[in-house]
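Scroll down for the structure; my scribbles are underneath it.
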Amino acid sequence: MTFPFWLPTSRTFNQPQQRVPMPRERGRYMRSHNGEEYEEALEEIRRYEDFTTIDWIQDSIIERNRRIRDAEKSRTAYRGPNGEITPAWVWAQCWKLVIAGESWFVMTLVGILIGVNAALISIVTEWLSDIKNGYCTDGWWLNQQFCCWEVETDDEFCPAWHPWSSVILGRWMGYVSFAAIFALVAAHLVRTMAHYAAGSGISEIKCILAGFIMKGFLGFGTFCIKSLTLPLVIASGLSVGKEGPSVHVACCIGSLVAGWSRRFSRSSSKMREVITAASAAGVAVAFGSPIGGVLFSIEEMSHIFSIKTMWQSFVCALVATFTLSVMNPFRTGKLVLFQVTYNRSWHLFEIIFFIILGIFGGLYGAFMVKFNMQVAAFRRKHLENHAVAEAVVLVILTAIVGYPNRFLRIDMTEMMSILFRECEGGGDYDNLCQLSAQWHMVNSLLLATFIRMGLVVISYGSRVPAGIFVPSMAIGATFGRMVGIIVKSIYRTYPQSGIFAACDPDIPCITPGTYAFLGAAAALSGVMRITVTVVVVMFELTGALTYILPTMMVILVTKAVGDFIGTRGIADESIRFNGYPILDQHNRSSNVAVSEVMKKDLTVLYASGMCVNDVEDVLASTDVKGFPIVASKLSKALSGYIGRTELRYVLEKAQHMGDVLPETPCSFSRQASDQEDFVLSGVTSGSALGAEEDVAVELLETTASNDVLKLWPWVNQTPLTVSPRLPLEIVMQLFKRMGPRVILVEELGSLKGLVTVKDVLRFNLTEKSESDQQHRDNGEFEAALEVTWNWAVGMFDDFVEWCRGIVRR
């Protein structure tokens with residue numbers, strides 16, 4: 001069996017990688033004519049290589065050689081003596097068609113399971129959220145909506161729904177107690193059973209799609225624990241969302257389902273396609289937006305996105321959304337609670353207020369990223385061993401602070417569904433649309449905005465499943481609804497003003513719900529730094545082409561403000577904070593040559609003159625993932641590159657096969673006599689990892705008679721090389737677009753050094769730290785940020801006072 005990279009492991013990221021003894025083969029070594037035993041043995045070795053990166057070039061070579069082998073087998077297998085067609089051959093061709101459709105079958109099955117899982121999580125979350133306030137006498141398994149299904153009046157007139165107490169203090173104590181219990185159970189399960197289930201997971205999935213290996217992050221244990229604890233965390237009232245964790249859960253489903261197929265489990269590139277499609281489906285079911293999910297996987301998740309992957313993502317997202325709609329978890333025909341429809345259009349004079357919402361989104365994103373990273377640093381330093389206590393304290397604090405406020409007490413998705421509604425469409429929640437209570441609502445919304453901002457800053461990143469999509473949208477919705485109420489109040493005070501000349505007196509001119517909607521889009525874009533995805537998601541939520549243009553305006557302003565401040569998305573900042581080896585579009589190194597970054601003190605192997613004992617000593621004394629091969633100790637002429645995995649494999653097999661002694665010479669270079677023999681074996685030069693098992697056996701058997709261990713078939717004789725004078729920025733592009741694990745640096749055929757992604761990141765981090773220190777010394781960055789923030793706050797305060805003055809007059 002194979003051991004893919006997502007199997008669980010007990011070792012955490014900060015622990016050093018322990019050396020694991022090479023697996024010993026028991027019994028007689030048998031030949032294989034399809035190369036499967038060879039690949040399985042390599043996977044057995046690679047399973048120990050956690051927290052490394054995948055060499056996508058080598059993976060492409062392996063996949064290409066598999067296709068060549070399969071094509072050759074399909075042309076010759078099951079033919080008659082004279083090449084005539086037989087029933088067995090016809091069956092083989094039918095089986096080939098089945099294999100060709102395997103990808104689409106896997107994508108469809110993944111989509112169905114993601115849709116079912118999302119529906120179950122939504123149903124359980126609704127029930128747990130309502131159980132904090134009371135229970136249903138008609139059935140304990142019914143939430144408040146289904147318990148009072150036939151009641152159209154307020155909740156207090158529903159005879160079947162009983163609150164836990166008739167006293168406000170008793171209700172509050174029950175609310176806090178249930179919230180604390182939910183958080184305690186969730187945090188304890190995560191800490192003891194699946195530590196990878198904590199957090200959002202989007203940052204780690206981006207790294208996995210880039211080739212970063214994290215065993216267990218997409219495993220079955222993580223999937224189960226995150227699916228169980230996510231409803232508990234959301235129902236506890238903690239200021240976090242389920243959309244980010246839903247993407248992680250969806251990717252777990254994709255990885256597990258694809259792992260059932262041998263064709264997918266052996267190929268990292270095919271597994272990346274499945275995980276990318278699953279991430280699109282996760283966003284699709286979270287927002288009821290299949291096209292938005294596909295765009296999210298393109299814009300945010302994947303570095304390399306092909307047309308084939310886009311279609312697979314589209315199919316997976318479509319199937320997942322369709323499954324969710326069939327299950328209809330809310331029994332309203334809506335895929336998400338805050339899905340709305342707007343019937344009225346907007347006016348040109350509202351553009352100025354849309355710009356205000358965009359500015360708020362950009363400032364909110366900068367504020368959230370900056371201070372959440374500071375909280376993360378504090379958490380890592382002081383609270384690493386108190387994850388359960390931290391979660392419980394945060395939930396109790398949230399319940400205590402939020403319960404008195406009507407917009408903080410209810411679930412965030414339910415709150416957004418209320419704030420998005422038109423007043424004429426049943427949106428008058430708790431006098432939200434009443435003129436007499438408008439300034440009381442403004443104060444409540446403003447208070448809810450800033451309190452939730454503080455709660456999200458300290459809650460996101462805690463050791464429970466926690467996303468930031470919906471909390472950010474909720475913050476933007478409360479701020480936007482507040483602006484909408486203020487604008488509507490101005491219109492009611494001065495309906496004859498020239499600015500409102502375009503308003504029809506018989507139709508409500510201002511729709512405050514649209515301001516909440518646009519504010520939510522601005523906040524989401526500001527914190528995640530995504531643009532097109534937000535526009536499409538919001539369009540699919542409303543189904544109204546009318547508000548695409550305002551949404552684009554708001555997102556454009558948000559992006560401009562974020563670019564001006566220099567903010568990166570919170571997922572990218574989390575990657576940088578955790579030190580994951582991934583390059584993004586923000587990594588820039590101008591006027592720097594690769595010679596300033598490369599490693600010069602290398603452990604190399606010599607093409608000739610080494611024996612088995614020398615090679616084993618090198619393996620035992622180093623932990624590098626590969627070795628450059630040079631001509632000799634005197635000559636640095638580059639001959640190739642061999643990976644540690646392949647080297648260990650060949651030595652291990654050779655020791656089990658024949659008279660290979662510690663003194664047996666090793667040959668890493670191909671001789672003229674070897675060329676003919678190897679070509680006759682049917683393996684082309686440079687396809688070391690694709691060499692079939694029977695070829696490997698023949699070479700090792702020849703070793704016993706020639707007293708030479710031939711290692712050159714496993715040597716990459718044409719490694720990716722660059723000149724030491726090549727700009728580092730071009731090398732970074734090679735890493736991002738081609739995905740090699742290592743790039744060798746040579747000059748005139750002589751080895752000078754090598755560079756990896758970690759070397760580039762280390763250099764960029766050092767350069768950035770020096771730059772930030774210089775800015776701090778000069779006070780430029782802090783001064784610019786402070787001036788920008790003070791200007792925005794001052795403008796907002798002046799605007800509010802101006803509006804209040806107009807209303808008073």
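Chain lettering (A, B, ...) mirrors the order of the structure tokens, residue numbering begins at 1 for each chain separately, and ligand numbering begins at 1 in order of display.
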
Write out as a PyMOL selection string the residues lying within 10 Å of Phe146 in chain A, counting only C-alpha atoms and excluding same-chain residues fewer than 6 positions away. chain A and resi 127+136+138-139+161+330-331

Export, as a compact mmCIF listing (two decimals), in the first residue's frame, the selected residues with N, CA and C atoms.
```
# COMPACT_ATOMS: atom_id res chain seq x y z
N TRP A 127 -29.38 24.20 15.50
CA TRP A 127 -29.97 23.62 16.70
C TRP A 127 -29.16 24.00 17.95
N CYS A 136 -37.55 23.06 22.72
CA CYS A 136 -38.86 22.85 22.12
C CYS A 136 -39.56 21.69 22.81
N ASP A 138 -42.23 20.19 21.75
CA ASP A 138 -42.73 19.23 20.77
C ASP A 138 -41.66 18.23 20.34
N GLY A 139 -40.42 18.55 20.58
CA GLY A 139 -39.32 17.65 20.21
C GLY A 139 -37.99 18.31 20.52
N TRP A 161 -42.15 26.72 22.27
CA TRP A 161 -40.76 27.05 22.58
C TRP A 161 -40.67 27.62 23.99
N PHE A 330 -32.23 24.86 5.55
CA PHE A 330 -32.98 25.91 6.26
C PHE A 330 -34.48 25.87 5.96
N ARG A 331 -34.89 24.96 5.04
CA ARG A 331 -36.29 24.82 4.65
C ARG A 331 -36.90 26.14 4.17
```

Find the spatial neighbours of Ala186 in chain A, counting only C-alpha atoms, within a cut-off of 9 Å - ignore same-chain residues fewer than 4 positions away - and output them as a list in words. Ile181, Phe182, Val190, Arg191, Ile225, Lys226, Leu228, Thr229, Leu230, Leu232, Val233, Val388, Ala391, Val464 and Pro465 of chain A

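Of the residues in range 469-713 of chain A, those given strand (DSSP E or B) by DSSP on the backbone are Ala593, Lys599, Leu605, Tyr606, Met610, Cys611, Gly626, Phe627, Pro628, Ile629, Val630, Ala637, Leu638, Ser639, Gly640, Tyr641, Ile642, Gly643, Pro665, Cys666, Ser667, Leu709 and Lys710 of chain A.
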
Write the residues of the selection above to a file with C-alpha atoms, as a PDB file, in the first residue's frame.
```
ATOM      1  CA  ALA A 593      21.826  38.328  -7.765  1.00  0.00           C
ATOM      2  CA  LYS A 599      24.276  28.073  -0.362  1.00  0.00           C
ATOM      3  CA  LEU A 605      28.950  13.304  -4.247  1.00  0.00           C
ATOM      4  CA  TYR A 606      31.640  12.412  -6.771  1.00  0.00           C
ATOM      5  CA  MET A 610      33.304   6.631  -3.913  1.00  0.00           C
ATOM      6  CA  CYS A 611      32.308   3.302  -2.409  1.00  0.00           C
ATOM      7  CA  GLY A 626      19.525  15.786  -2.333  1.00  0.00           C
ATOM      8  CA  PHE A 627      23.122  15.904  -3.435  1.00  0.00           C
ATOM      9  CA  PRO A 628      24.793  17.596  -6.408  1.00  0.00           C
ATOM     10  CA  ILE A 629      27.209  15.301  -8.225  1.00  0.00           C
ATOM     11  CA  VAL A 630      30.544  16.654  -9.467  1.00  0.00           C
ATOM     12  CA  ALA A 637      32.264  20.121 -13.101  1.00  0.00           C
ATOM     13  CA  LEU A 638      28.557  19.447 -12.520  1.00  0.00           C
ATOM     14  CA  SER A 639      27.449  15.941 -13.529  1.00  0.00           C
ATOM     15  CA  GLY A 640      23.923  15.804 -12.121  1.00  0.00           C
ATOM     16  CA  TYR A 641      21.768  15.690  -9.012  1.00  0.00           C
ATOM     17  CA  ILE A 642      20.323  12.770  -7.037  1.00  0.00           C
ATOM     18  CA  GLY A 643      17.638  12.882  -4.394  1.00  0.00           C
ATOM     19  CA  PRO A 665      32.589   1.147  -5.832  1.00  0.00           C
ATOM     20  CA  CYS A 666      29.694   3.443  -6.765  1.00  0.00           C
ATOM     21  CA  SER A 667      29.281   4.935 -10.225  1.00  0.00           C
ATOM     22  CA  LEU A 709      27.017  -0.343  -8.046  1.00  0.00           C
ATOM     23  CA  LYS A 710      25.526   1.669 -10.892  1.00  0.00           C
TER      24      LYS A 710
END
```

I'd like the contact shell of Thr137 in chain A - 12 Å cut-off, only C-alpha atoms, skipping same-chain residues fewer than 6 positions apart - returned as a ChimeraX atom specification. /A:143-144,146-148,158-164

Emit the selected residues as a short mmCIF file (atom, residue, chain, number, x, y, z; two decimals), in the first residue's frame, including C-alpha atoms.
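Printed below is again-v4.cif as written:
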```cif
data_model
loop_
_atom_site.label_atom_id
_atom_site.label_comp_id
_atom_site.auth_asym_id
_atom_site.auth_seq_id
_atom_site.Cartn_x
_atom_site.Cartn_y
_atom_site.Cartn_z
CA ASN A 143 -34.58 24.28 16.69
CA GLN A 144 -36.63 27.40 17.32
CA PHE A 146 -39.01 24.49 13.18
CA CYS A 147 -40.56 24.45 16.64
CA CYS A 148 -42.46 27.65 15.80
CA CYS A 158 -44.78 30.53 20.44
CA PRO A 159 -46.26 28.11 22.99
CA ALA A 160 -44.02 25.18 22.02
CA TRP A 161 -40.76 27.05 22.58
CA HIS A 162 -39.74 27.39 26.23
CA PRO A 163 -36.83 29.58 27.33
CA TRP A 164 -34.63 28.21 30.09
#
```

Write out as a ChimeraX atom specification the set of residues from range 461-640 of chain A that DSSP, computed on the backbone, places in alpha helix (DSSP H). /A:469-493,512-528,532-542,548-565,570-578,612-621

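Among the candidates A:Met528, A:Ser261, A:Leu337, A:Ala235, the one nearest to Glu299 in chain A when counting only C-alpha atoms is A:Met528.
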
Any chance you could tabulate, as a tab-separated table, the residues of range 336-405 of chain A at most 9 Å from range 271-287 of chain A with each one's nearest atom pair and distance in Å to one decimal, using only C-alpha atoms, in chain and rising number order?
```
residue	atom	partner	partner_atom	distance
A:Val336	CA	A:Phe287	CA	6.1
A:Phe338	CA	A:Phe287	CA	8.9
A:Gln339	CA	A:Phe287	CA	8.4
```

Export of prior selection with N, CA, C and O atoms as a CSV table (one decimal), in the first residue's frame:
```
chain,number,residue,atom,x,y,z
A,336,VAL,N,-28.0,29.9,1.8
A,336,VAL,CA,-27.4,30.5,3.0
A,336,VAL,C,-28.5,31.4,3.7
A,336,VAL,O,-29.4,31.9,3.0
A,338,PHE,N,-28.3,34.5,4.8
A,338,PHE,CA,-28.3,35.9,4.4
A,338,PHE,C,-28.4,36.1,2.9
A,338,PHE,O,-28.0,37.2,2.4
A,339,GLN,N,-29.0,35.2,2.2
A,339,GLN,CA,-29.3,35.4,0.8
A,339,GLN,C,-30.6,36.3,0.7
A,339,GLN,O,-31.6,36.0,1.3
```

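Residues within 10 Å of Leu318 in chain A, counting only C-alpha atoms and excluding same-chain residues fewer than 4 positions away, are Thr108, Gly111, Ile112, Gly115, Ala280, Ala281, Ala284, Val285, Gly288, Ser289, Pro290, Ile291, Gly293, Val294, Gln312, Ser313, Phe314, Phe322, Thr323 and Leu324 of chain A.
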